[in-house]
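J.: Pasting a structure below so you can have a look.
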Amino acid sequence: MIAGQIRLPAVIPLVSGVGPELGRTGLTELRARLEQVMSGAVTAPLWLRGRAMCVLVATGGKRAELEQLAAVAAPAVELACSYTDVFARARRHRPATAAAEMQQDLLPPRIASLSGGEIAASLMPAYDVGGDWFDHAENPEGAWLGVADAVGRGTNAAAISAVAIGAFRAARRARRQLEECCGEMADAVGSLGESAFVTAVIATWQVETRTFAWVNCGHPWPILIRRGGGASELAGHSTLPLGLSLGQPAGFQRNERRLEVGDRVLLYSDGVTDQRRSDGGILGLDSLLELLGAGGERSADETVIAIAEHMRAYGPAKLADDATIMVLAVTS
């Protein structure tokens with residue numbers, strides 16, 4: 001939050017944010033909490049492609065005028081983040097490890113609007129470990145999505161992740177097909193040695209045909225959450241993790257599913273279902289499917305928040321492994 005001379009509370013606790021970014025739900029909660037401590041406060045989010053990076057707060061004036069200023073400020077703040085650490089410092093509540101810093105620098109925005117849908121994603125914990133990543137981009141041929149988990153922990157895992165996500169971006173920017181992209185990622189990770197490998201789901205979304213296509217490389221299956229209720233795995237063809245051959249020829253085969261308006265697809269890492277409960281067990285897939293199937297018509301960011309809250313409610317405060325969540329919601 002950016003403030004002028006008026007003293008704001010040092011902390012305004014929110015449960016509806018996706019990392020340091022707010023969607024529509026998070027903004028509604030923030031405004032309600034601000035009203036409790038600053039009656040009559042006027043707020044204007046700095047929106048950029050469906051996410052609020054920060055919020056302007058004024059004690060008087062008209063919201064429309066403040067929103068005009070926010071609209072101009074939003075891209076300026078985004079650009080400034082490449083030249084100063086001021087905003088990064090404000091968004092953090094404790095220092096990150098070197099591995100986590102590498103990991104966070106790899107990530108795209110956590111909330112994004114795209115043609116026919118919206119994306120929200122989160123990676124927990126944000127300050128430790130270092131092996132997971134998510135990525136997304138919308139290109140003329142459609143949107144690309146990826147969630148991956150590199151072997152190991154710490155800086156070694158973060159380094160493997162950096163190579164994998166670099167290959168992912170290079171391939172899609174070179175207009176490769178989905179299967180070709182996975183092949184180039186496998187080659188890049190494999191060049192690091194036999195001990196390096198990455199599990200991943202690499203996917204595309206084409207709004208014209210409402211087709212979700214994915215390649216599963218030794219990773220948990222995507223989960224389809226239907227508009228009318230219910231959730232199930234999108235099982236299909238699977239291959240070995242990227243970079244791991246075991247003497248077998250590499251081959252990648254896509255899976256496809258047509259989605260309807262209101263459907264959501266969850267990509268996640270095993271840190272979600274392997275989260276330890278307080279009684280020593282794990283949350284497991286069944287618990288996740290039950291949560292998602294009974295959740296109603298949540299938005300992408302609401303779904304991510306619900307999963308994160310579910311994990312915190314039933315497990316220890318400190319995660320033993322990275323847990324990555326990405327949701328694609330079909331809106332039109």
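Ligands are numbered from 1 in the order shown, residues from 1 within each chain, and chains are lettered A, B, ... in the order they appear in the structure tokens.
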For Ala52 (chain A), list every protein, DNA or RNA residue within 8 Å, evaluated using only C-alpha atoms, and leave out those in the same chain fewer than 2 positions away; present the list as number ranges by chain.
T.: A: 21-23, 27, 45-48, 50, 54-55
J.: Go ahead and write the residues just picked, N, CA and C atoms, as a PDB file, in the first residue's frame.
T.:
ATOM      1  N   GLU A  21      -0.631  -9.758  -4.594  1.00  0.00           N
ATOM      2  CA  GLU A  21      -1.548  -9.191  -5.573  1.00  0.00           C
ATOM      3  C   GLU A  21      -3.000  -9.406  -5.149  1.00  0.00           C
ATOM      4  N   LEU A  22      -3.857  -8.474  -5.533  1.00  0.00           N
ATOM      5  CA  LEU A  22      -5.272  -8.550  -5.204  1.00  0.00           C
ATOM      6  C   LEU A  22      -6.108  -8.693  -6.468  1.00  0.00           C
ATOM      7  N   GLY A  23      -7.129  -9.560  -6.384  1.00  0.00           N
ATOM      8  CA  GLY A  23      -8.157  -9.616  -7.404  1.00  0.00           C
ATOM      9  C   GLY A  23      -9.378  -8.863  -6.918  1.00  0.00           C
ATOM     10  N   LEU A  27      -9.873  -6.958  -3.213  1.00  0.00           N
ATOM     11  CA  LEU A  27     -10.119  -5.526  -3.127  1.00  0.00           C
ATOM     12  C   LEU A  27     -11.368  -5.229  -2.290  1.00  0.00           C
ATOM     13  N   PRO A  45      -7.581   0.985  -6.839  1.00  0.00           N
ATOM     14  CA  PRO A  45      -6.527   0.002  -7.105  1.00  0.00           C
ATOM     15  C   PRO A  45      -5.748   0.342  -8.365  1.00  0.00           C
ATOM     16  N   LEU A  46      -4.490  -0.021  -8.386  1.00  0.00           N
ATOM     17  CA  LEU A  46      -3.661   0.108  -9.575  1.00  0.00           C
ATOM     18  C   LEU A  46      -3.813  -1.184 -10.374  1.00  0.00           C
ATOM     19  N   TRP A  47      -4.855  -1.226 -11.225  1.00  0.00           N
ATOM     20  CA  TRP A  47      -5.152  -2.430 -11.992  1.00  0.00           C
ATOM     21  C   TRP A  47      -4.200  -2.567 -13.176  1.00  0.00           C
ATOM     22  N   LEU A  48      -3.765  -3.791 -13.413  1.00  0.00           N
ATOM     23  CA  LEU A  48      -2.987  -4.097 -14.609  1.00  0.00           C
ATOM     24  C   LEU A  48      -3.323  -5.524 -15.018  1.00  0.00           C
ATOM     25  N   GLY A  50      -6.077  -7.260 -14.813  1.00  0.00           N
ATOM     26  CA  GLY A  50      -6.881  -8.036 -13.893  1.00  0.00           C
ATOM     27  C   GLY A  50      -6.349  -8.168 -12.488  1.00  0.00           C
ATOM     28  N   CYS A  54      -1.041  -2.544  -6.126  1.00  0.00           N
ATOM     29  CA  CYS A  54      -1.108  -1.774  -4.895  1.00  0.00           C
ATOM     30  C   CYS A  54      -2.361  -0.898  -4.974  1.00  0.00           C
ATOM     31  N   VAL A  55      -2.621  -0.144  -3.912  1.00  0.00           N
ATOM     32  CA  VAL A  55      -3.860   0.614  -3.816  1.00  0.00           C
ATOM     33  C   VAL A  55      -3.568   2.028  -3.351  1.00  0.00           C
TER      34      VAL A  55
END
J.: Would you list the contacts of Ala294 (chain A) as a list of chain:residue names, taking every protein, DNA or RNA residue within 9 Å and counting only C-alpha atoms, but skipping same-chain residues closer than 6 positions in sequence?
T.: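 Result of the neighbour search: A:Gly229, A:Gly230, A:Ala231.
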J.: For the structure I just gave you, how does DSSP split region 248-313 of chain A - specifically, which residues are helix (DSSP H, G or I)? Reply as a ChimeraX atom specification.
T.: /A:270-273,284-293,300-313
J.: With distances taken over only C-alpha atoms, which residue among A:Ala162, A:Leu14, A:Ala71, A:Ala235 lies nearest Thr28 (chain A)?
T.: A:Leu14
J.: Pick from A:Val207, A:Val151, A:Met53, A:Ala44: nearest to Ala88 (chain A), with only C-alpha atoms counted?
T.: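 For Ala88 (chain A), the nearest of the candidates is A:Met53.
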J.: Looking at A:Ala323, A:Leu145, A:Ile282, A:Ile160, which one is nearest to Ala120 (chain A), with distances taken over only C-alpha atoms?
T.: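 Checking each candidate against Ala120 (chain A), we get A:Leu145 as the closest.
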